[in-house]
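Participant: My questions will all concern the structure given below.
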Amino acid sequence: MNQRLLLLDGHSLAFRSFFALPKDAFRTDQGQYTNGIHGFVNTLLKLYADTKPTHVAVAFDLSGGTFRTKEYAAYKGGRADTPEEFKGQIPLIQEVLDALGITWLTLDQYEADDIIATLAERGVKEGMEVVVSSGDKDAYQLVNDRVTLLYPMPRSQMLEMTPEVVKERTGVTPDQYPDLAALVGEKADNLPGVPGVGAKTAQKWIAAYGSLDGIIEHADEIGGKVGASLRENIEQVKLNRKLNHLLRDMPLEVSFDELKPRGVNREAVHQLFDTLDFTSLRPRVLAELPLAEGDTEEAGESMDALEAVMAGPGDIARWLGGRSTQRLGLYILGSGEPARGDVGLLAIADESGQAIVADRADFSEEDEASFVSWIEDAEAPKVIHEAKAAWHAIKGAFNAHLVGVDVDTELAAYILHPDQRTYDLADLVARHIGIALPDMEADELDLGLSVGGGAANGPGARAWALLPLATVLSGELAKRDSTELLNSLERPLMTVLARMEDRGIAADVAVLEELRSAFDARVTAAAEAAYAAIGHDVNLSSPKQLQGVLFDELGLPPTRKTKSGYTTNAEALTDLYAQLAFREDDTAVAGREFLGQLLEHRDAIKLKQSVEGLAKSVLSDGRIHTTFQQTVAATGRLSSTEPNLQNIHARTEEGQRIREAFVPGDGYESLMTVDYSQIEMRLMAHQSGDAALIQAFIDGEDLHSYVAGHVYGISPSAVTSAQRNKIKAMSYGLVYGLSAFGLSRQLRIDRSEAQQLMDDYFERFGAVKRYLDSIVAQARKDGYTSTILGRRRYLPDLTSDNRQRREAAERMALNAPIQGSAADIIKIAMLSVDEALTSGSLTSRVLLQVHDELVLEIAPGERDAVRELVETHMGSAVDLSVPLSVGVGVGANWRAAAH
DNA sequence: CCACACACGTA
DNA sequence: CGTACGTGTGTGGC
């Protein structure tokens with residue numbers, strides 16, 4: 001029979017991958033680099049698919065010497081040390097091979113290529129077709145009509161080297177190649193060739209004398225400088241030839257039976273790929289390599305079990321009929337936008353693999369009633385990816401309120417790994433249950449299209465995959481003790497957020513329009529004045545063009561460098577302005593005018609864009625419906641998009657006018673803001689246990705004056721405002737991992753003064769210092785930080801060799817427990833406030849969250865009751881060693897509700 | 001058309 | 001050389 005033997009040089013292929021793939025993109029939580037492993041497995045899969053071998057072996061070099069280094073100490077000398085990031089990947093590749101059921105070999109004193117040469121020789125003798133893949137040119141000599149070499153090329157291409165191709169590329173036959181290499185030398189192996197002899201000369205000699213032996217025999221007949229050179233270096237050439245000869249008779253104690261792939265051990269692959277963070281390779285490995293015996297039919301992990309059907313009218317009702325209390329997976333294709341949700345297609349699947357896919361447009365009355373009662377049944381457990389989006393889709397399409405979400409797989413994945421930008425369902429399924437979901441075509445993603453039988457596969461498979469995915473994720477969470485965080489905090493919060501988004505906040509479009517026009521006038525005036533100052537137009541929004549004006553035309557001194565030139569940010573422009581203050585030449589006068597108008601333009605255009613963006617996002621109900629992102633911030637915070645209502649101007653007078661456009665809607669009389677005061681410093685006090693800091697909060701004094709009094713050794717009442725400001729900056733900076741350099745820059749004081757300030761601060765608040773140090777130490781040990789609710793953030797860079805990355809990770813480690821705990825606390829408070837409002841039968845409701853602040857819409861007559869309620873529930877969200885102080889304000893708009 | 005850089009708003 | 005985000009604009013690659 002046709003037997004084919006595939007032989008790989010493991011080290012050589014992995015090393016190429018290591019340099020081909022960006023190492024920082026392949027790094028696990030634990031700091032292990034995996035680019036070489038990933039590339040190797042990828043190459044292996046490709047070779048396997050291309051060659052369909054019956055036998056496979058991977059050969060590795062051993063570290064330490066070989067017979068070649070004994071013979072010639074300089075062999076492969078002069079190479080740079082193996083990169084630290086590559087070491088350690090080889091043993092992991094060998095573990096992967098074990099899991100894949102593929103044999104790998106090493107042999108003391110010999111190189112991978114010797115093993116390959118030996119096996120190739122034996123394979124040919126057995127009548128096999130042999131395919132070798134190695135990036136080592138020495139392997140050329142193995143090529144013949146039964147042995148093909150696949151030589152790796154850039155962009156993961158493989159060059160198929162037959163004897164003809166070798167001849168074409170080297171000018172000699174495969175068995176002559178080592179002769180040629182001996183003459184020319186091999187830089188990679190530190191083997192010098194004959195000076196003056198290149199490939200052309202060597203080819204000519206080999207053609208003339210047949211082989212190296214022939215050349216040596218007739219060395220005296222070769223004239224000219226190269227002849228003399230050859231005669232002088234004849235010993236080196238002989239040595240080269242000896243070293244580059246691959247041994248074909250190694251004592252390998254391996255039989256061809258052992259080289260037959262043993263099949264993939266699923267469990268081992270899952271385990272290993274989990275620790276390696278491999279997502280995309282997992283389904284490929286399982287699909288493209290043979291599975292080990294008894295490992296083919298694993299319950300719940302094979303898509304063979306899936307039976308998806310398209311629903312006709314009445315089918316949904318019938319399907320749900322017998323299953324309404326089972327745990328079911330629900331997948332929705334549609335729009336999950338707040339207040340504009342809709343369902344195009346939906347799919348529901350049960351644990352047995354039965355799935356039904358339905359077009360919303362085909363729902364009968366009976367289907368709708370059955371579906372809605374299932375959706376609104378809290379005892380009917382549902383598994384959904386992005387449940388909040390599903391909530392909106394269902395609200396929009398059925399006017400029903402989703403309850404009974406057992407697992408939101410997106411939220412679960414976020415709790416496990418909060419540092420990913422997105423949590424794509426197909427990626428999670430591939431990663432956690434090792435199945436490649438069928439791609440969904442773009443037209444399947446469109447709403448309301450008629451759907452043929454084939455299209456059911458995508459949604460059906462997704463609904464089906466949710467159930468095993470939820471089981472795996474729940475298991476991971478339980479192992480990590482994070483079940484509570486998901487089920488008691490994030491999952492119920494999802495519904496609270498959905499309702500907040502659904503409500504939106506009323507906007508006064510007349511105010512927005514008035515502001516737009518006022519800001520627009522400022523923009524135009526500033527732009528014209530700026531053009532006048534320099535005598536021509538310029539795009540004031542183009543940093544590149546501004547650099548031309550500032551540094552070339554006006555000859556101003558360069559500012560801080562950016563990646564693509566010099567910064568033109570407000571801070572730098574203000575500095576430049578100050579530098580021109582004492583000059584009265586024409587350029588300086590023009591420069592000052594230009595800079596002043598540019599700053600004015602920046603300010604005005606930002607305000608204008610902000611107002612325009614808000615105006616555009618007002619829906620027909622007169623309200624702005626933001627989307628709160630519950631799974632994007634690595635610290636556990638929420639974020640807000642489309643539009644972002646967490647960064648509405650608040651600091652300047654002009655900016656605050658924008659907040660006047662946020663008003664109570666019909667049926668409500670005011671807005672209320674409730675915020676935590678200094679929650680991060682309170683957490684610092686609590687977590688550090690610093691007695692002085694705790695006392696400050698218990699006494700309820702002005703924090704920054706109190707701390708400044710301690711630092712400067714004076715009474716708080718004697719603290720000047722300059723002293724207070726410095727200490728305030730320092731206190732806030734601590735939460736962000738501020739350095740003395742950063743503090744000096746921010747306060748525009750000497751480095752030494754900043755250092756002194758920090759020293760004095762830590763002298764007085766020693767526990768704070770010890771706490772901050774301990775956070776980093778603990779995080780380095782564990783690999784992650786934790787909040788008061790046990791929310792983790794993984795920071796593998798804490799052990800990076802790269803100082804910048806490491807220090808950045810240290811700052812994140814300092815900040816994450818504080819910022820994240822504050823996020824935990826306000827989330828608890830949101831649940832508790834929401835619950836209290838509902839159970840108190842109040843109409844007032846929460847509309848927005850801005851990290852440490854809630855914005856509520858107050859119904860007539862409820863103001864005082866709500867004030868008391870929010871003070872109580874926010875103030876008692878958690879029990880700390882310092883009080884949680886809450887500020888409340890009420891007014892006719894968001895600005896007026898500030899306090 | 002898309003990704004990136006820059007600038008800047010919030011906590 | 002202070003954390004966490006999102007958005008608008010310009011730019012230069014494809």
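Please note that chains go A, B, ... in the order of the structure tokens, that every chain numbers its residues from 1, and that ligands are numbered from 1 in the order shown.
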Could you work out which residues of chain A fall inside 9 Å of chain C? Count only C-alpha atoms (C1' of nucleotides), and format the result as a PyMOL selection string.

Facilitator: chain A and resi 541-544+606+609-610+632-635+637-644+646-647+732-743+811-812+814-816+819

Participant: Those selected residues, please, written with C-alpha atoms and delivered as a compact mmCIF listing (two decimals), in the first residue's frame.

Facilitator:
# COMPACT_ATOMS: atom_id res chain seq x y z
CA SER A 541 -8.12 69.94 13.32
CA SER A 542 -5.04 68.56 11.66
CA PRO A 543 -2.12 68.14 14.05
CA LYS A 544 0.11 67.60 11.04
CA LYS A 606 -15.15 70.06 21.16
CA GLN A 609 -19.21 68.26 18.41
CA SER A 610 -20.35 67.08 21.76
CA VAL A 632 -15.29 45.92 28.32
CA ALA A 633 -13.51 47.57 31.24
CA ALA A 634 -10.74 45.36 32.64
CA THR A 635 -11.26 46.77 36.13
CA ARG A 637 -16.27 49.41 35.62
CA LEU A 638 -19.10 50.02 33.21
CA SER A 639 -18.60 52.09 30.12
CA SER A 640 -21.15 53.93 28.03
CA THR A 641 -21.45 54.11 24.26
CA GLU A 642 -23.66 55.48 21.51
CA PRO A 643 -23.60 58.00 22.96
CA ASN A 644 -21.14 58.02 25.81
CA GLN A 646 -20.21 59.14 31.10
CA ASN A 647 -18.08 61.89 29.65
CA TYR A 732 -5.32 60.97 43.64
CA GLY A 733 -2.05 60.10 42.00
CA LEU A 734 -1.50 57.30 44.47
CA VAL A 735 -4.57 55.56 43.16
CA TYR A 736 -3.01 55.56 39.71
CA GLY A 737 0.50 54.45 40.66
CA LEU A 738 2.00 57.92 40.38
CA SER A 739 5.78 58.35 40.41
CA ALA A 740 7.79 61.26 41.75
CA PHE A 741 8.52 62.20 38.16
CA GLY A 742 4.86 62.23 37.26
CA LEU A 743 3.97 64.22 40.34
CA ARG A 811 0.55 50.74 37.90
CA MET A 812 -2.42 48.74 36.67
CA LEU A 814 -2.05 49.42 42.01
CA ASN A 815 -5.15 50.86 40.41
CA ALA A 816 -7.23 47.78 39.62
CA GLN A 819 -11.02 51.24 40.86

Participant: Give me, as number ranges by chain, the residues of range 472-590 of chain A that a backbone DSSP run labels strand (DSSP E).

Facilitator: A: 505-507, 561-562, 565-566

Participant: Which residues in range 94-136 of chain A does DSSP call helix (DSSP H, G or I)? List them as a list in words.

Facilitator: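 Selection result, helix (DSSP H, G or I) within range 94-136 of chain A: Gln94, Glu95, Val96, Leu97, Asp98, Ala99, Leu100, Ala112, Asp113, Asp114, Ile115, Ile116, Ala117, Thr118, Leu119, Ala120, Glu121, Arg122, Gly123, Val124 and Lys125 of chain A.
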
Participant: Based on only C-alpha atoms (C1' of nucleotides), which of the residues in chain A come within 9 Å of chain B? I want them as an mmCIF file with C-alpha atoms, in the first residue's frame.

Facilitator:
data_model
loop_
_atom_site.group_PDB
_atom_site.id
_atom_site.type_symbol
_atom_site.label_atom_id
_atom_site.label_comp_id
_atom_site.auth_asym_id
_atom_site.auth_seq_id
_atom_site.Cartn_x
_atom_site.Cartn_y
_atom_site.Cartn_z
ATOM 1 C CA PRO A 543 -2.119 68.136 14.046
ATOM 2 C CA THR A 562 4.925 61.961 19.555
ATOM 3 C CA LYS A 563 5.140 58.941 17.276
ATOM 4 C CA SER A 564 4.668 61.090 14.210
ATOM 5 C CA THR A 567 2.551 67.291 20.113
ATOM 6 C CA THR A 568 0.109 70.134 19.627
ATOM 7 C CA ASN A 569 -2.022 69.349 22.640
ATOM 8 C CA ALA A 570 -3.488 72.063 24.839
ATOM 9 C CA LYS A 606 -15.147 70.063 21.157
ATOM 10 C CA SER A 610 -20.355 67.079 21.758
ATOM 11 C CA LEU A 645 -23.046 59.663 28.645
ATOM 12 C CA GLN A 646 -20.210 59.140 31.097
ATOM 13 C CA ASN A 647 -18.076 61.894 29.652
ATOM 14 C CA ILE A 648 -20.483 64.795 29.371
ATOM 15 C CA HIS A 649 -18.650 68.043 30.118
ATOM 16 C CA ALA A 650 -18.710 68.956 33.784
ATOM 17 C CA VAL A 850 -21.252 57.617 35.937
ATOM 18 C CA HIS A 851 -18.751 55.484 37.874
ATOM 19 C CA ASP A 852 -19.356 57.014 41.303
#

Participant: Quick one: of A:Leu847, A:Ala378, A:Ala358, A:Ala413, who's nearest to Val343 in chain A, counting only C-alpha atoms?

Facilitator: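 Under the stated criterion, the closest residue is A:Ala358.
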
Participant: Considering only C-alpha atoms (C1' of nucleotides), return as a JSON list (two decimals) with N, CA, C and O atoms, in the first residue's frame whatever protein or nucleic-acid residues lie within 9 Å of Asp342 in chain A, sequence-local ones (same chain, fewer than 2 positions apart) excluded.

Facilitator:
[["chain", "number", "residue", "atom", "x", "y", "z"],
["A", 333, "LEU", "N", -30.85, 36.59, 16.30],
["A", 333, "LEU", "CA", -30.29, 37.44, 15.27],
["A", 333, "LEU", "C", -31.22, 38.62, 15.14],
["A", 333, "LEU", "O", -32.40, 38.45, 14.84],
["A", 334, "GLY", "N", -30.68, 39.80, 15.36],
["A", 334, "GLY", "CA", -31.56, 40.96, 15.28],
["A", 334, "GLY", "C", -30.83, 42.18, 15.78],
["A", 334, "GLY", "O", -29.61, 42.25, 15.70],
["A", 335, "SER", "N", -31.56, 43.12, 16.32],
["A", 335, "SER", "CA", -30.94, 44.31, 16.87],
["A", 335, "SER", "C", -31.08, 44.31, 18.37],
["A", 335, "SER", "O", -32.18, 44.14, 18.89],
["A", 336, "GLY", "N", -29.98, 44.50, 19.07],
["A", 336, "GLY", "CA", -30.03, 44.57, 20.53],
["A", 336, "GLY", "C", -29.88, 45.99, 21.02],
["A", 336, "GLY", "O", -29.50, 46.21, 22.16],
["A", 337, "GLU", "N", -30.19, 46.96, 20.16],
["A", 337, "GLU", "CA", -30.05, 48.35, 20.57],
["A", 337, "GLU", "C", -31.18, 48.76, 21.48],
["A", 337, "GLU", "O", -32.34, 48.41, 21.25],
["A", 340, "ARG", "N", -34.71, 50.20, 20.34],
["A", 340, "ARG", "CA", -34.86, 49.93, 18.91],
["A", 340, "ARG", "C", -34.62, 48.45, 18.64],
["A", 340, "ARG", "O", -34.21, 48.08, 17.55],
["A", 344, "GLY", "N", -34.92, 39.18, 14.16],
["A", 344, "GLY", "CA", -35.09, 38.69, 12.81],
["A", 344, "GLY", "C", -35.32, 37.19, 12.86],
["A", 344, "GLY", "O", -36.40, 36.70, 12.56],
["A", 390, "ALA", "N", -30.20, 40.72, 23.97],
["A", 390, "ALA", "CA", -31.39, 39.89, 23.75],
["A", 390, "ALA", "C", -32.61, 40.53, 24.43],
["A", 390, "ALA", "O", -33.72, 40.51, 23.89],
["A", 392, "HIS", "N", -33.24, 43.65, 24.84],
["A", 392, "HIS", "CA", -33.75, 44.74, 23.99],
["A", 392, "HIS", "C", -34.43, 44.19, 22.74],
["A", 392, "HIS", "O", -35.46, 44.71, 22.30],
["A", 393, "ALA", "N", -33.82, 43.17, 22.15],
["A", 393, "ALA", "CA", -34.40, 42.59, 20.94],
["A", 393, "ALA", "C", -35.81, 42.07, 21.23],
["A", 393, "ALA", "O", -36.75, 42.31, 20.47],
["A", 394, "ILE", "N", -35.94, 41.37, 22.35],
["A", 394, "ILE", "CA", -37.22, 40.78, 22.71],
["A", 394, "ILE", "C", -38.24, 41.85, 23.09],
["A", 394, "ILE", "O", -39.41, 41.79, 22.72],
["A", 395, "LYS", "N", -37.75, 42.86, 23.80],
["A", 395, "LYS", "CA", -38.66, 43.96, 24.15],
["A", 395, "LYS", "C", -39.19, 44.61, 22.87],
["A", 395, "LYS", "O", -40.37, 44.91, 22.73],
["A", 396, "GLY", "N", -38.29, 44.82, 21.91],
["A", 396, "GLY", "CA", -38.69, 45.48, 20.67],
["A", 396, "GLY", "C", -39.62, 44.63, 19.83],
["A", 396, "GLY", "O", -40.59, 45.12, 19.26],
["A", 397, "ALA", "N", -39.33, 43.34, 19.76],
["A", 397, "ALA", "CA", -40.09, 42.49, 18.85],
["A", 397, "ALA", "C", -41.37, 41.94, 19.47],
["A", 397, "ALA", "O", -42.35, 41.70, 18.76],
["A", 398, "PHE", "N", -41.35, 41.72, 20.76],
["A", 398, "PHE", "CA", -42.51, 41.06, 21.39],
["A", 398, "PHE", "C", -43.09, 41.88, 22.54],
["A", 398, "PHE", "O", -44.06, 41.46, 23.17],
["A", 447, "LEU", "N", -31.82, 41.28, 8.84],
["A", 447, "LEU", "CA", -33.10, 40.96, 9.45],
["A", 447, "LEU", "C", -34.15, 40.62, 8.40],
["A", 447, "LEU", "O", -34.13, 41.13, 7.30]]

Participant: In Å to one decimal, how far is CA of Leu550 in chain A from CA of Leu576 in chain A?

Facilitator: 9.4 Å

Participant: Compile the contact shell of range 770-784 of chain A as number ranges by chain: residues with an atom at most 12 Å away, counting only C-alpha atoms (C1' of nucleotides), same-chain residues fewer than 3 positions apart removed.

Facilitator: A: 28-32, 416-419, 634-635, 683-690, 734-738, 762-767, 787, 790-800, 806-818

Participant: At what distance in Å, to one decimal, does CA of Glu513 in chain A lie from CA of Glu669 in chain A?

Facilitator: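 CA of Glu669 in chain A sits 22.6 Å away from CA of Glu513 in chain A.
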
Participant: Would you mind listing what lies within 7 Å of range 875-879 of chain A as an NGL selection string, with only C-alpha atoms (C1' of nucleotides) counted and same-chain residues fewer than 5 positions away left out?

Facilitator: :A and (825 or 828-829 or 884-886)

Participant: Generate a file of the selected residues that holds N, CA, C and O atoms, formatted as a PDB file, in the first residue's frame.

Facilitator:
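As written to disk, out.pdb reads:
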ATOM      1  N   ILE A 825     -18.761  48.263  44.399  1.00  0.00           N
ATOM      2  CA  ILE A 825     -19.642  48.892  45.387  1.00  0.00           C
ATOM      3  C   ILE A 825     -20.821  49.593  44.722  1.00  0.00           C
ATOM      4  O   ILE A 825     -21.971  49.430  45.133  1.00  0.00           O
ATOM      5  N   ILE A 828     -23.305  47.078  43.503  1.00  0.00           N
ATOM      6  CA  ILE A 828     -24.148  46.576  44.593  1.00  0.00           C
ATOM      7  C   ILE A 828     -25.240  47.600  44.899  1.00  0.00           C
ATOM      8  O   ILE A 828     -26.424  47.267  45.034  1.00  0.00           O
ATOM      9  N   ALA A 829     -24.809  48.866  44.962  1.00  0.00           N
ATOM     10  CA  ALA A 829     -25.757  49.928  45.288  1.00  0.00           C
ATOM     11  C   ALA A 829     -26.856  50.044  44.236  1.00  0.00           C
ATOM     12  O   ALA A 829     -28.024  50.263  44.559  1.00  0.00           O
ATOM     13  N   LEU A 884     -19.147  55.321  54.126  1.00  0.00           N
ATOM     14  CA  LEU A 884     -19.310  55.638  52.702  1.00  0.00           C
ATOM     15  C   LEU A 884     -20.165  56.888  52.652  1.00  0.00           C
ATOM     16  O   LEU A 884     -21.363  56.827  52.906  1.00  0.00           O
ATOM     17  N   SER A 885     -19.552  57.999  52.308  1.00  0.00           N
ATOM     18  CA  SER A 885     -20.319  59.248  52.319  1.00  0.00           C
ATOM     19  C   SER A 885     -20.995  59.476  50.965  1.00  0.00           C
ATOM     20  O   SER A 885     -20.392  59.280  49.914  1.00  0.00           O
ATOM     21  N   VAL A 886     -22.248  59.848  51.022  1.00  0.00           N
ATOM     22  CA  VAL A 886     -23.049  60.002  49.806  1.00  0.00           C
ATOM     23  C   VAL A 886     -23.570  61.434  49.715  1.00  0.00           C
ATOM     24  O   VAL A 886     -24.080  61.970  50.687  1.00  0.00           O
TER      25      VAL A 886
END

Participant: Do you have the CA of Arg657 in chain A-CA of Arg867 in chain A distance handy?

Facilitator: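 Straight-line distance from CA of Arg657 in chain A to CA of Arg867 in chain A works out to 24.6 Å.
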
Participant: Please identify all polymer residues within 7 Å of range 210-215 of chain A, counting only C-alpha atoms (C1' of nucleotides), omitting same-chain residues fewer than 4 positions from it, and present them as a compact mmCIF listing (two decimals) with C-alpha atoms, in the first residue's frame.

Facilitator:
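Resulting contents of selection25.txt:
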# COMPACT_ATOMS: atom_id res chain seq x y z
CA GLN A 176 26.37 16.87 -4.55
CA ASP A 179 30.16 19.04 -1.47
CA TRP A 205 34.37 22.45 -10.15
CA ILE A 206 31.75 19.89 -9.22
CA ALA A 219 43.39 20.23 -6.64

Participant: If we count only C-alpha atoms (C1' of nucleotides) and set the cut-off at 12 Å, which residues sit around Val496 in chain A, ignoring sequence neighbours fewer than 4 positions away in its own chain? Please answer as a VMD selection string.

Facilitator: chain A and resid 387 to 388 391 401 to 403 489 to 492 500 to 503 628 630 827 to 835 837 to 838 845 to 849

Participant: Between A:Thr587, A:Ser839, A:Ser752, A:Thr69, which one has atoms that come closest to Asp189 in chain A, using only C-alpha atoms?

Facilitator: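 Closest to Asp189 in chain A of all the choices is A:Thr69.
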